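Visitor: As input, take query-v9.pdb (PDB, C-alpha atoms and all ligand atoms):
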ATOM      1  CA  MET A 264      88.093  -5.208   4.914  1.00  0.00           C
ATOM      2  CA  LYS A 265      84.990  -5.327   7.065  1.00  0.00           C
ATOM      3  CA  PRO A 266      85.561  -4.163  10.630  1.00  0.00           C
ATOM      4  CA  ILE A 267      85.289  -6.433  13.639  1.00  0.00           C
ATOM      5  CA  ILE A 268      82.519  -5.116  15.879  1.00  0.00           C
ATOM      6  CA  ALA A 269      82.774  -5.780  19.602  1.00  0.00           C
ATOM      7  CA  PRO A 270      79.830  -4.458  21.650  1.00  0.00           C
ATOM      8  CA  SER A 271      80.873  -3.706  25.234  1.00  0.00           C
ATOM      9  CA  ILE A 272      78.841  -5.612  27.810  1.00  0.00           C
ATOM     10  CA  LEU A 273      79.576  -2.848  30.331  1.00  0.00           C
ATOM     11  CA  SER A 274      76.641  -0.899  28.886  1.00  0.00           C
ATOM     12  CA  ALA A 275      74.274  -3.886  28.798  1.00  0.00           C
ATOM     13  CA  ASP A 276      71.274  -4.330  31.089  1.00  0.00           C
ATOM     14  CA  PHE A 277      72.660  -6.370  33.994  1.00  0.00           C
ATOM     15  CA  SER A 278      69.177  -7.089  35.291  1.00  0.00           C
ATOM     16  CA  ASN A 279      68.505  -8.974  32.071  1.00  0.00           C
ATOM     17  CA  LEU A 280      71.904  -9.889  30.719  1.00  0.00           C
ATOM     18  CA  ALA A 281      70.683 -12.987  28.876  1.00  0.00           C
ATOM     19  CA  LYS A 282      68.481 -10.790  26.670  1.00  0.00           C
ATOM     20  CA  ASP A 283      71.374  -8.540  25.621  1.00  0.00           C
ATOM     21  CA  ILE A 284      73.631 -11.542  25.040  1.00  0.00           C
ATOM     22  CA  GLU A 285      70.956 -13.047  22.803  1.00  0.00           C
ATOM     23  CA  MET A 286      70.705  -9.749  20.911  1.00  0.00           C
ATOM     24  CA  ILE A 287      74.479  -9.853  20.246  1.00  0.00           C
ATOM     25  CA  ASN A 288      74.319 -13.544  19.301  1.00  0.00           C
ATOM     26  CA  ASN A 289      71.659 -12.739  16.703  1.00  0.00           C
ATOM     27  CA  SER A 290      73.330  -9.576  15.428  1.00  0.00           C
ATOM     28  CA  GLU A 291      76.215  -8.953  13.041  1.00  0.00           C
ATOM     29  CA  ALA A 292      78.586  -8.374  15.982  1.00  0.00           C
ATOM     30  CA  ASP A 293      81.790 -10.402  15.962  1.00  0.00           C
ATOM     31  CA  TRP A 294      82.998 -10.412  19.567  1.00  0.00           C
ATOM     32  CA  PHE A 295      81.731  -9.706  23.072  1.00  0.00           C
ATOM     33  CA  HIS A 296      83.919  -7.029  24.682  1.00  0.00           C
ATOM     34  CA  VAL A 297      84.106  -7.759  28.408  1.00  0.00           C
ATOM     35  CA  ASP A 298      85.533  -5.049  30.696  1.00  0.00           C
ATOM     36  CA  VAL A 299      86.985  -6.101  34.041  1.00  0.00           C
ATOM     37  CA  MET A 300      87.777  -3.273  36.501  1.00  0.00           C
ATOM     38  CA  ASP A 301      89.318  -3.652  39.934  1.00  0.00           C
ATOM     39  CA  GLY A 302      88.800  -0.245  41.557  1.00  0.00           C
ATOM     40  CA  ILE A 303      92.589   0.193  41.794  1.00  0.00           C
ATOM     41  CA  PHE A 304      93.919   0.453  38.254  1.00  0.00           C
ATOM     42  CA  VAL A 305      90.777   2.397  37.369  1.00  0.00           C
ATOM     43  CA  PRO A 306      88.400   4.311  39.635  1.00  0.00           C
ATOM     44  CA  ASN A 307      85.531   1.875  39.124  1.00  0.00           C
ATOM     45  CA  ILE A 308      84.624  -1.771  39.750  1.00  0.00           C
ATOM     46  CA  SER A 309      82.720  -3.709  37.105  1.00  0.00           C
ATOM     47  CA  PHE A 310      82.289  -7.470  37.562  1.00  0.00           C
ATOM     48  CA  GLY A 311      84.275 -10.662  37.973  1.00  0.00           C
ATOM     49  CA  PHE A 312      84.286 -14.383  37.284  1.00  0.00           C
ATOM     50  CA  PRO A 313      80.653 -15.328  38.063  1.00  0.00           C
ATOM     51  CA  VAL A 314      79.409 -12.794  35.531  1.00  0.00           C
ATOM     52  CA  ILE A 315      82.015 -13.747  32.912  1.00  0.00           C
ATOM     53  CA  ASN A 316      81.117 -17.426  33.348  1.00  0.00           C
ATOM     54  CA  ALA A 317      77.457 -16.561  32.853  1.00  0.00           C
ATOM     55  CA  ILE A 318      78.246 -14.563  29.697  1.00  0.00           C
ATOM     56  CA  HIS A 319      80.346 -17.439  28.402  1.00  0.00           C
ATOM     57  CA  GLN A 320      77.498 -19.902  28.961  1.00  0.00           C
ATOM     58  CA  HIS A 321      75.177 -17.961  26.665  1.00  0.00           C
ATOM     59  CA  ALA A 322      77.572 -16.284  24.221  1.00  0.00           C
ATOM     60  CA  LYS A 323      77.959 -17.826  20.775  1.00  0.00           C
ATOM     61  CA  LYS A 324      80.806 -15.496  19.790  1.00  0.00           C
ATOM     62  CA  PRO A 325      84.326 -15.016  21.158  1.00  0.00           C
ATOM     63  CA  LEU A 326      84.875 -13.189  24.460  1.00  0.00           C
ATOM     64  CA  ASP A 327      87.351 -10.338  24.128  1.00  0.00           C
ATOM     65  CA  VAL A 328      88.286  -9.674  27.752  1.00  0.00           C
ATOM     66  CA  HIS A 329      89.847  -6.318  28.645  1.00  0.00           C
ATOM     67  CA  LEU A 330      91.514  -6.321  32.041  1.00  0.00           C
ATOM     68  CA  MET A 331      91.726  -2.961  33.782  1.00  0.00           C
ATOM     69  CA  ILE A 332      93.356  -4.489  36.841  1.00  0.00           C
ATOM     70  CA  VAL A 333      96.749  -4.317  38.549  1.00  0.00           C
ATOM     71  CA  ASP A 334      98.981  -7.386  38.534  1.00  0.00           C
ATOM     72  CA  PRO A 335      96.883  -9.429  36.089  1.00  0.00           C
ATOM     73  CA  ASP A 336      99.337 -12.388  36.221  1.00  0.00           C
ATOM     74  CA  ARG A 337      97.492 -13.606  39.336  1.00  0.00           C
ATOM     75  CA  PHE A 338      94.372 -14.393  37.328  1.00  0.00           C
ATOM     76  CA  LEU A 339      95.407 -15.380  33.792  1.00  0.00           C
ATOM     77  CA  ALA A 340      94.491 -19.047  34.266  1.00  0.00           C
ATOM     78  CA  LYS A 341      91.124 -18.151  35.792  1.00  0.00           C
ATOM     79  CA  PHE A 342      90.248 -15.965  32.824  1.00  0.00           C
ATOM     80  CA  ALA A 343      91.172 -18.804  30.470  1.00  0.00           C
ATOM     81  CA  GLU A 344      88.898 -21.146  32.456  1.00  0.00           C
ATOM     82  CA  SER A 345      86.116 -18.556  32.318  1.00  0.00           C
ATOM     83  CA  GLY A 346      86.118 -18.687  28.527  1.00  0.00           C
ATOM     84  CA  ALA A 347      88.215 -15.699  27.450  1.00  0.00           C
ATOM     85  CA  ASP A 348      89.290 -16.077  23.817  1.00  0.00           C
ATOM     86  CA  SER A 349      91.472 -13.004  23.892  1.00  0.00           C
ATOM     87  CA  LEU A 350      92.866 -11.356  26.980  1.00  0.00           C
ATOM     88  CA  SER A 351      94.172  -7.794  26.962  1.00  0.00           C
ATOM     89  CA  VAL A 352      96.268  -6.453  29.814  1.00  0.00           C
ATOM     90  CA  HIS A 353      97.280  -2.847  30.300  1.00  0.00           C
ATOM     91  CA  TYR A 354     100.832  -1.827  29.474  1.00  0.00           C
ATOM     92  CA  GLU A 355     100.684   0.479  32.501  1.00  0.00           C
ATOM     93  CA  ALA A 356      99.747  -2.398  34.840  1.00  0.00           C
ATOM     94  CA  CYS A 357     102.461  -4.905  33.885  1.00  0.00           C
ATOM     95  CA  THR A 358     106.018  -4.756  35.196  1.00  0.00           C
ATOM     96  CA  HIS A 359     107.022  -7.821  33.165  1.00  0.00           C
ATOM     97  CA  LEU A 360     104.803  -7.375  30.146  1.00  0.00           C
ATOM     98  CA  HIS A 361     106.694  -9.824  27.953  1.00  0.00           C
ATOM     99  CA  ARG A 362     106.279 -12.574  30.534  1.00  0.00           C
ATOM    100  CA  THR A 363     102.582 -11.776  30.904  1.00  0.00           C
ATOM    101  CA  ILE A 364     102.066 -11.989  27.132  1.00  0.00           C
ATOM    102  CA  GLN A 365     103.813 -15.372  27.009  1.00  0.00           C
ATOM    103  CA  GLY A 366     101.642 -16.531  29.906  1.00  0.00           C
ATOM    104  CA  ILE A 367      98.424 -15.557  28.115  1.00  0.00           C
ATOM    105  CA  LYS A 368      99.485 -17.368  24.940  1.00  0.00           C
ATOM    106  CA  ALA A 369     100.601 -20.472  26.843  1.00  0.00           C
ATOM    107  CA  LEU A 370      97.044 -20.722  28.170  1.00  0.00           C
ATOM    108  CA  GLY A 371      95.717 -20.807  24.596  1.00  0.00           C
ATOM    109  CA  MET A 372      94.306 -17.282  24.498  1.00  0.00           C
ATOM    110  CA  LYS A 373      95.053 -14.490  22.054  1.00  0.00           C
ATOM    111  CA  ALA A 374      97.217 -11.858  23.728  1.00  0.00           C
ATOM    112  CA  GLY A 375      96.327  -8.185  23.695  1.00  0.00           C
ATOM    113  CA  VAL A 376      97.916  -5.094  25.187  1.00  0.00           C
ATOM    114  CA  ALA A 377      95.829  -2.035  26.024  1.00  0.00           C
ATOM    115  CA  ILE A 378      97.373   1.412  26.309  1.00  0.00           C
ATOM    116  CA  ASN A 379      95.976   4.497  27.984  1.00  0.00           C
ATOM    117  CA  PRO A 380      95.531   7.755  26.071  1.00  0.00           C
ATOM    118  CA  HIS A 381      98.793   9.191  27.478  1.00  0.00           C
ATOM    119  CA  THR A 382     100.891   6.133  26.576  1.00  0.00           C
ATOM    120  CA  SER A 383     102.935   6.276  23.383  1.00  0.00           C
ATOM    121  CA  VAL A 384     102.483   3.447  20.880  1.00  0.00           C
ATOM    122  CA  GLN A 385     106.274   3.386  20.439  1.00  0.00           C
ATOM    123  CA  LEU A 386     106.529   1.718  23.852  1.00  0.00           C
ATOM    124  CA  LEU A 387     105.101  -1.404  22.210  1.00  0.00           C
ATOM    125  CA  GLU A 388     107.958  -1.786  19.733  1.00  0.00           C
ATOM    126  CA  ASN A 389     109.552  -4.713  21.585  1.00  0.00           C
ATOM    127  CA  VAL A 390     106.344  -6.699  21.985  1.00  0.00           C
ATOM    128  CA  ILE A 391     104.347  -5.810  18.891  1.00  0.00           C
ATOM    129  CA  ALA A 392     105.515  -8.910  16.980  1.00  0.00           C
ATOM    130  CA  ASP A 393     104.350 -11.139  19.842  1.00  0.00           C
ATOM    131  CA  ILE A 394     100.796  -9.907  20.262  1.00  0.00           C
ATOM    132  CA  ASP A 395      97.489 -10.409  18.482  1.00  0.00           C
ATOM    133  CA  LEU A 396      95.734  -7.218  19.507  1.00  0.00           C
ATOM    134  CA  VAL A 397      96.482  -3.663  20.596  1.00  0.00           C
ATOM    135  CA  CYS A 398      93.620  -1.994  22.419  1.00  0.00           C
ATOM    136  CA  LEU A 399      94.044   1.746  21.954  1.00  0.00           C
ATOM    137  CA  MET A 400      92.084   3.486  24.678  1.00  0.00           C
ATOM    138  CA  SER A 401      90.312   6.455  23.156  1.00  0.00           C
ATOM    139  CA  VAL A 402      88.983   7.545  26.571  1.00  0.00           C
ATOM    140  CA  ASN A 403      90.556   7.222  30.003  1.00  0.00           C
ATOM    141  CA  PRO A 404      89.505   3.746  31.088  1.00  0.00           C
ATOM    142  CA  GLY A 405      86.980   3.196  33.839  1.00  0.00           C
ATOM    143  CA  PHE A 406      83.591   4.177  32.489  1.00  0.00           C
ATOM    144  CA  GLY A 407      81.352   3.751  29.483  1.00  0.00           C
ATOM    145  CA  GLY A 408      79.781   6.681  27.674  1.00  0.00           C
ATOM    146  CA  GLN A 409      82.760   9.072  27.741  1.00  0.00           C
ATOM    147  CA  LYS A 410      83.849  11.530  25.067  1.00  0.00           C
ATOM    148  CA  PHE A 411      86.203  10.267  22.362  1.00  0.00           C
ATOM    149  CA  ILE A 412      89.758  11.701  22.477  1.00  0.00           C
ATOM    150  CA  GLU A 413      90.693  13.091  19.043  1.00  0.00           C
ATOM    151  CA  ASN A 414      94.432  12.383  19.417  1.00  0.00           C
ATOM    152  CA  THR A 415      93.544   8.712  18.879  1.00  0.00           C
ATOM    153  CA  TYR A 416      93.703   9.130  15.080  1.00  0.00           C
ATOM    154  CA  SER A 417      97.397   9.991  15.119  1.00  0.00           C
ATOM    155  CA  LYS A 418      98.056   7.077  17.479  1.00  0.00           C
ATOM    156  CA  ILE A 419      96.354   4.714  15.030  1.00  0.00           C
ATOM    157  CA  SER A 420      98.633   5.946  12.225  1.00  0.00           C
ATOM    158  CA  SER A 421     101.800   5.515  14.312  1.00  0.00           C
ATOM    159  CA  LEU A 422     100.679   2.087  15.463  1.00  0.00           C
ATOM    160  CA  LYS A 423      99.896   1.012  11.907  1.00  0.00           C
ATOM    161  CA  ASP A 424     103.441   2.055  10.863  1.00  0.00           C
ATOM    162  CA  LEU A 425     104.945   0.125  13.772  1.00  0.00           C
ATOM    163  CA  ILE A 426     102.909  -2.993  12.920  1.00  0.00           C
ATOM    164  CA  LEU A 427     104.056  -2.896   9.286  1.00  0.00           C
ATOM    165  CA  GLN A 428     107.691  -2.178  10.227  1.00  0.00           C
ATOM    166  CA  ARG A 429     107.810  -5.146  12.581  1.00  0.00           C
ATOM    167  CA  ASN A 430     105.806  -7.498  10.382  1.00  0.00           C
ATOM    168  CA  SER A 431     103.268  -7.916  13.152  1.00  0.00           C
ATOM    169  CA  SER A 432      99.810  -9.372  12.663  1.00  0.00           C
ATOM    170  CA  ALA A 433      98.369  -7.421  15.597  1.00  0.00           C
ATOM    171  CA  LYS A 434      94.923  -5.971  15.084  1.00  0.00           C
ATOM    172  CA  ILE A 435      94.165  -2.400  16.136  1.00  0.00           C
ATOM    173  CA  GLU A 436      91.165  -2.117  18.463  1.00  0.00           C
ATOM    174  CA  ILE A 437      89.646   1.224  19.424  1.00  0.00           C
ATOM    175  CA  ASP A 438      87.951   1.380  22.803  1.00  0.00           C
ATOM    176  CA  GLY A 439      85.965   4.318  24.127  1.00  0.00           C
ATOM    177  CA  GLY A 440      83.599   6.868  22.648  1.00  0.00           C
ATOM    178  CA  VAL A 441      83.228   5.095  19.314  1.00  0.00           C
ATOM    179  CA  ASP A 442      80.049   6.229  17.573  1.00  0.00           C
ATOM    180  CA  LEU A 443      78.416   6.297  14.160  1.00  0.00           C
ATOM    181  CA  LYS A 444      80.087   9.651  13.420  1.00  0.00           C
ATOM    182  CA  ASN A 445      83.737   8.785  14.111  1.00  0.00           C
ATOM    183  CA  ALA A 446      83.713   5.080  13.159  1.00  0.00           C
ATOM    184  CA  ALA A 447      84.366   5.506   9.420  1.00  0.00           C
ATOM    185  CA  LYS A 448      87.353   7.804  10.009  1.00  0.00           C
ATOM    186  CA  LEU A 449      88.758   5.372  12.582  1.00  0.00           C
ATOM    187  CA  LEU A 450      88.567   2.557  10.032  1.00  0.00           C
ATOM    188  CA  HIS A 451      90.113   4.665   7.249  1.00  0.00           C
ATOM    189  CA  THR A 452      92.968   5.557   9.569  1.00  0.00           C
ATOM    190  CA  GLY A 453      93.709   1.879  10.207  1.00  0.00           C
ATOM    191  CA  ALA A 454      91.473   0.504  12.944  1.00  0.00           C
ATOM    192  CA  ASP A 455      90.433  -3.159  12.631  1.00  0.00           C
ATOM    193  CA  VAL A 456      88.192  -3.603  15.664  1.00  0.00           C
ATOM    194  CA  LEU A 457      85.614  -1.169  17.042  1.00  0.00           C
ATOM    195  CA  VAL A 458      84.401  -1.523  20.616  1.00  0.00           C
ATOM    196  CA  ALA A 459      81.074   0.178  21.233  1.00  0.00           C
ATOM    197  CA  GLY A 460      79.137   0.294  24.480  1.00  0.00           C
ATOM    198  CA  ASN A 461      76.986   3.361  24.801  1.00  0.00           C
ATOM    199  CA  THR A 462      76.511   3.705  21.022  1.00  0.00           C
ATOM    200  CA  VAL A 463      75.043   0.209  20.764  1.00  0.00           C
ATOM    201  CA  PHE A 464      73.116  -0.251  23.993  1.00  0.00           C
ATOM    202  CA  ASN A 465      71.668   3.238  24.280  1.00  0.00           C
ATOM    203  CA  SER A 466      70.417   3.296  20.718  1.00  0.00           C
ATOM    204  CA  ASP A 467      66.781   2.656  19.825  1.00  0.00           C
ATOM    205  CA  ASN A 468      67.730  -0.447  17.881  1.00  0.00           C
ATOM    206  CA  PRO A 469      71.004  -1.966  19.125  1.00  0.00           C
ATOM    207  CA  SER A 470      71.060  -4.707  16.510  1.00  0.00           C
ATOM    208  CA  LEU A 471      70.612  -2.192  13.693  1.00  0.00           C
ATOM    209  CA  THR A 472      73.345   0.017  15.178  1.00  0.00           C
ATOM    210  CA  ILE A 473      75.690  -2.984  15.109  1.00  0.00           C
ATOM    211  CA  SER A 474      74.780  -3.574  11.444  1.00  0.00           C
ATOM    212  CA  LEU A 475      75.450   0.088  10.628  1.00  0.00           C
ATOM    213  CA  LEU A 476      78.910  -0.139  12.207  1.00  0.00           C
ATOM    214  CA  LYS A 477      79.585  -3.446  10.449  1.00  0.00           C
ATOM    215  CA  ALA A 478      78.621  -1.971   7.081  1.00  0.00           C
ATOM    216  CA  LEU A 479      81.390   0.644   7.312  1.00  0.00           C
ATOM    217  CA  SER A 480      84.802   0.004   5.806  1.00  0.00           C
TER     218      SER A 480
HETATM  219  C1  LIG B 501      86.128   1.880  29.245  1.00  0.00           C
HETATM  220  C2  LIG B 501      85.927   0.487  28.701  1.00  0.00           C
HETATM  221  C3  LIG B 501      85.193   0.456  27.425  1.00  0.00           C
HETATM  222  C4  LIG B 501      83.779   0.975  27.529  1.00  0.00           C
HETATM  223  C5  LIG B 501      83.471   1.616  26.215  1.00  0.00           C
HETATM  224  O1  LIG B 501      86.972   1.840  30.315  1.00  0.00           O
HETATM  225  O2  LIG B 501      87.176  -0.150  28.460  1.00  0.00           O
HETATM  226  O3  LIG B 501      85.209  -0.826  26.822  1.00  0.00           O
HETATM  227  O4  LIG B 501      82.838  -0.009  27.809  1.00  0.00           O
HETATM  228  O5  LIG B 501      82.247   2.224  26.338  1.00  0.00           O
HETATM  229  P1  LIG B 501      81.738   3.348  25.343  1.00  0.00           P
HETATM  230  O6  LIG B 501      81.688   2.738  23.985  1.00  0.00           O
HETATM  231  O7  LIG B 501      80.398   3.673  25.906  1.00  0.00           O
HETATM  232  O8  LIG B 501      82.718   4.498  25.416  1.00  0.00           O
HETATM  233 ZN    ZN B 502      87.199  -2.030  27.168  1.00  0.00          ZN
END
Let me see the file written as structure tokens.
Ligand code: DX5
Ligand code: ZN

Guide:
Amino acid sequence: MKPIIAPSILSADFSNLAKDIEMINNSEADWFHVDVMDGIFVPNISFGFPVINAIHQHAKKPLDVHLMIVDPDRFLAKFAESGADSLSVHYEACTHLHRTIQGIKALGMKAGVAINPHTSVQLLENVIADIDLVCLMSVNPGFGGQKFIENTYSKISSLKDLILQRNSSAKIEIDGGVDLKNAAKLLHTGADVLVAGNTVFNSDNPSLTISLLKALS
């Protein structure tokens, strides 16, 4: 199966966002990965609704929105209005995760759950059948361009087992430090979706880099 490639807008050129969106539109990428940070859940602030609306206006591919914010329930409807196709919330940020997942789906979006590097995949056992996506953080969230955490491979294997056990259709997304060296092993281990920020946008030919990732299996 060909991987789903989701370039992360966080590493795009915000002084000329339309150009990078066009590049993704014309590339073999599948989704736009859109990182929202609140400065509380993670030690960084990225962007909010005006920027997401602008991306949505130009994007011809689905928006995969990754919320690194506390208490995301406050904003689910606004993210739906802003054009999010899938919305991932952090396990660590949701007291009533099951309710949040139902809320995302009721708004017509695909529901994802992201987990930090220290969080065990087993904690998802009671929601895995209800979700469309698990975003496995392979760096500590907050910044692009960080070093990939090697323990991610064993988490992919455990998650794959859990998905099969529970008859879930959740896709496994890897987010953080994905590059042309580790991508093939991630896919062999069971990843379905590769997020790539730095690897795509800081390469000499971002569109070609996307094609190289897409050609892996
Ligand atoms: C990190 C974000 C990632 C980030 C990935 O907190 O969730 O999506 O943009 O960037 P790279 O691929 O540069 O590690
Ligand atoms: Zn992300």

Visitor: Produce as a list of chain:residue names the set of residues near ligand ZN 502 (chain B), where near means within 7 Å with all atoms listed in the file considered.

Guide: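 Those residues are A:Ser271, A:His296, A:Val297, A:Asp298, A:His329, A:Asp438.
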
Visitor: Selection in question (the file shown): the PyMOL selection byres (((chain A and resi 373) around 10) and not hetatm). Which residues does it include, as a list in words?

Guide: Asp327, Ala347, Asp348, Ser349, Leu350, Ser351, Ile364, Ile367, Lys368, Ala369, Leu370, Gly371, Met372, Ala374, Gly375, Ile394, Asp395 and Leu396 of chain A

Visitor: Rounded to one decimal place, report the CA of Phe338 in chain A-CA of Ala269 in chain A distance in Å.

Guide: 22.9 Å

Visitor: Would you compute the distance between CA of Gly408 in chain A and CA of His321 in chain A? Give it in Å to one decimal.

Guide: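 Separation between CA of Gly408 in chain A and CA of His321 in chain A: 25.1 Å.
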
Visitor: Looking at A:Ile412, A:Val314, A:Ile284, A:Ile267, which one is nearest to Pro469 in chain A, with distances taken over all atoms listed in the file?

Guide: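 Checking each of A:Ile412, A:Val314, A:Ile284, A:Ile267 against Pro469 in chain A, counting all atoms listed in the file, the winner is A:Ile284.
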
Visitor: Using only C-alpha atoms and all ligand atoms, determine which residues fall within 9 Å of ligand LIG 501 (chain B), then list them as a compact mmCIF listing (two decimals) with C-alpha atoms, keeping the file's coordinate frame.

Guide:
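Everything below was put into part_29.txt:
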# COMPACT_ATOMS: atom_id res chain seq x y z
CA PRO A 270 79.83 -4.46 21.65
CA SER A 271 80.87 -3.71 25.23
CA ILE A 272 78.84 -5.61 27.81
CA LEU A 273 79.58 -2.85 30.33
CA SER A 274 76.64 -0.90 28.89
CA HIS A 296 83.92 -7.03 24.68
CA VAL A 297 84.11 -7.76 28.41
CA ASP A 298 85.53 -5.05 30.70
CA VAL A 299 86.98 -6.10 34.04
CA MET A 300 87.78 -3.27 36.50
CA VAL A 305 90.78 2.40 37.37
CA ASN A 307 85.53 1.88 39.12
CA HIS A 329 89.85 -6.32 28.64
CA LEU A 330 91.51 -6.32 32.04
CA MET A 331 91.73 -2.96 33.78
CA MET A 400 92.08 3.49 24.68
CA SER A 401 90.31 6.46 23.16
CA VAL A 402 88.98 7.54 26.57
CA ASN A 403 90.56 7.22 30.00
CA PRO A 404 89.50 3.75 31.09
CA GLY A 405 86.98 3.20 33.84
CA PHE A 406 83.59 4.18 32.49
CA GLY A 407 81.35 3.75 29.48
CA GLY A 408 79.78 6.68 27.67
CA GLN A 409 82.76 9.07 27.74
CA LYS A 410 83.85 11.53 25.07
CA PHE A 411 86.20 10.27 22.36
CA ILE A 437 89.65 1.22 19.42
CA ASP A 438 87.95 1.38 22.80
CA GLY A 439 85.96 4.32 24.13
CA GLY A 440 83.60 6.87 22.65
CA VAL A 441 83.23 5.10 19.31
CA ASP A 442 80.05 6.23 17.57
CA LEU A 457 85.61 -1.17 17.04
CA VAL A 458 84.40 -1.52 20.62
CA ALA A 459 81.07 0.18 21.23
CA GLY A 460 79.14 0.29 24.48
CA ASN A 461 76.99 3.36 24.80
CA THR A 462 76.51 3.70 21.02
CA VAL A 463 75.04 0.21 20.76
CA PHE A 464 73.12 -0.25 23.99
CA ASN A 465 71.67 3.24 24.28

Visitor: Evaluate the PyMOL selection byres (((chain A and resi 346) around 8) and not hetatm) and record the selected residues as a PDB file with C-alpha atoms, keeping the file's coordinate frame, following the chain and residue labels used in the document.

Guide:
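Below is the file that was written, result.pdb:
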ATOM      1  CA  ILE A 315      82.015 -13.747  32.912  1.00  0.00           C
ATOM      2  CA  ASN A 316      81.117 -17.426  33.348  1.00  0.00           C
ATOM      3  CA  HIS A 319      80.346 -17.439  28.402  1.00  0.00           C
ATOM      4  CA  LEU A 326      84.875 -13.189  24.460  1.00  0.00           C
ATOM      5  CA  PHE A 342      90.248 -15.965  32.824  1.00  0.00           C
ATOM      6  CA  ALA A 343      91.172 -18.804  30.470  1.00  0.00           C
ATOM      7  CA  GLU A 344      88.898 -21.146  32.456  1.00  0.00           C
ATOM      8  CA  SER A 345      86.116 -18.556  32.318  1.00  0.00           C
ATOM      9  CA  ALA A 347      88.215 -15.699  27.450  1.00  0.00           C
ATOM     10  CA  ASP A 348      89.290 -16.077  23.817  1.00  0.00           C
TER      11      ASP A 348
END

Visitor: Mind pulling up the distance from CA of Ala478 in chain A to CA of Met286 in chain A?

Guide: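 One can read the CA of Met286 in chain A to CA of Ala478 in chain A distance as 17.7 Å.
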
Visitor: Considering all atoms listed in the file, return as a PDB file with C-alpha atoms, in the frame of the given file whatever protein or nucleic-acid residues lie within 9 Å of Asp293 in chain A, sequence-local ones (same chain, fewer than 2 positions apart) excluded.

Guide:
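This is the output file result_23.pdb:
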ATOM      1  CA  ILE A 267      85.289  -6.433  13.639  1.00  0.00           C
ATOM      2  CA  ILE A 268      82.519  -5.116  15.879  1.00  0.00           C
ATOM      3  CA  ALA A 269      82.774  -5.780  19.602  1.00  0.00           C
ATOM      4  CA  PRO A 270      79.830  -4.458  21.650  1.00  0.00           C
ATOM      5  CA  ILE A 287      74.479  -9.853  20.246  1.00  0.00           C
ATOM      6  CA  ASN A 288      74.319 -13.544  19.301  1.00  0.00           C
ATOM      7  CA  SER A 290      73.330  -9.576  15.428  1.00  0.00           C
ATOM      8  CA  GLU A 291      76.215  -8.953  13.041  1.00  0.00           C
ATOM      9  CA  PHE A 295      81.731  -9.706  23.072  1.00  0.00           C
ATOM     10  CA  LYS A 324      80.806 -15.496  19.790  1.00  0.00           C
ATOM     11  CA  PRO A 325      84.326 -15.016  21.158  1.00  0.00           C
TER      12      PRO A 325
END

Visitor: Starting from the displayed file, determine the output of the PyMOL selection byres (((chain A and resi 383-390) around 9) and not hetatm) and express the residue list as a PyMOL selection string.

Guide: chain A and resi 354+360-361+364+376+378-382+391-394+399+418-419+421-422+425-426+429

Visitor: Identify the residues around (102.4, -8.1, 31.2) within a radius of 8 Å, measuring from all atoms listed in the file in the coordinates stated by the file, and give them as a list in words.

Guide: Pro335, Asp336, Val352, His353, Tyr354, Ala356, Cys357, Thr358, His359, Leu360, His361, Arg362, Thr363 and Ile364 of chain A

Visitor: Which residues, written as a list in words, have at least one atom at most 10 Å from Lys265 in chain A, with all atoms listed in the file counted and residues fewer than 2 positions away on the same chain left out?

Guide: Ile267, Ile268, Leu450, Asp455, Val456, Leu476, Lys477, Ala478, Leu479 and Ser480 of chain A

Visitor: Keeping only C-alpha atoms, write those residues as an mmCIF file, in the frame of the given file.

Guide:
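Result file is again_14.cif:
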data_model
loop_
_atom_site.group_PDB
_atom_site.id
_atom_site.type_symbol
_atom_site.label_atom_id
_atom_site.label_comp_id
_atom_site.auth_asym_id
_atom_site.auth_seq_id
_atom_site.Cartn_x
_atom_site.Cartn_y
_atom_site.Cartn_z
ATOM 1 C CA ILE A 267 85.289 -6.433 13.639
ATOM 2 C CA ILE A 268 82.519 -5.116 15.879
ATOM 3 C CA LEU A 450 88.567 2.557 10.032
ATOM 4 C CA ASP A 455 90.433 -3.159 12.631
ATOM 5 C CA VAL A 456 88.192 -3.603 15.664
ATOM 6 C CA LEU A 476 78.910 -0.139 12.207
ATOM 7 C CA LYS A 477 79.585 -3.446 10.449
ATOM 8 C CA ALA A 478 78.621 -1.971 7.081
ATOM 9 C CA LEU A 479 81.390 0.644 7.312
ATOM 10 C CA SER A 480 84.802 0.004 5.806
#

Visitor: Could you complete range 434-438 of chain A so that it carries N, CA, C and O atoms, and give it back as a PDB file, keeping the file's coordinate frame?

Guide:
ATOM      1  N   LYS A 434      96.055  -6.781  15.507  1.00  0.00           N
ATOM      2  CA  LYS A 434      94.923  -5.971  15.084  1.00  0.00           C
ATOM      3  C   LYS A 434      94.843  -4.724  15.964  1.00  0.00           C
ATOM      4  O   LYS A 434      95.224  -4.765  17.137  1.00  0.00           O
ATOM      5  N   ILE A 435      94.316  -3.659  15.391  1.00  0.00           N
ATOM      6  CA  ILE A 435      94.165  -2.400  16.136  1.00  0.00           C
ATOM      7  C   ILE A 435      92.710  -2.256  16.578  1.00  0.00           C
ATOM      8  O   ILE A 435      91.793  -2.185  15.743  1.00  0.00           O
ATOM      9  N   GLU A 436      92.514  -2.231  17.889  1.00  0.00           N
ATOM     10  CA  GLU A 436      91.165  -2.117  18.463  1.00  0.00           C
ATOM     11  C   GLU A 436      91.014  -0.738  19.107  1.00  0.00           C
ATOM     12  O   GLU A 436      91.900  -0.297  19.843  1.00  0.00           O
ATOM     13  N   ILE A 437      89.892  -0.102  18.841  1.00  0.00           N
ATOM     14  CA  ILE A 437      89.646   1.224  19.424  1.00  0.00           C
ATOM     15  C   ILE A 437      88.553   1.091  20.475  1.00  0.00           C
ATOM     16  O   ILE A 437      87.469   0.562  20.204  1.00  0.00           O
ATOM     17  N   ASP A 438      88.858   1.593  21.668  1.00  0.00           N
ATOM     18  CA  ASP A 438      87.951   1.380  22.803  1.00  0.00           C
ATOM     19  C   ASP A 438      87.664   2.689  23.527  1.00  0.00           C
ATOM     20  O   ASP A 438      88.534   3.253  24.183  1.00  0.00           O
TER      21      ASP A 438
END
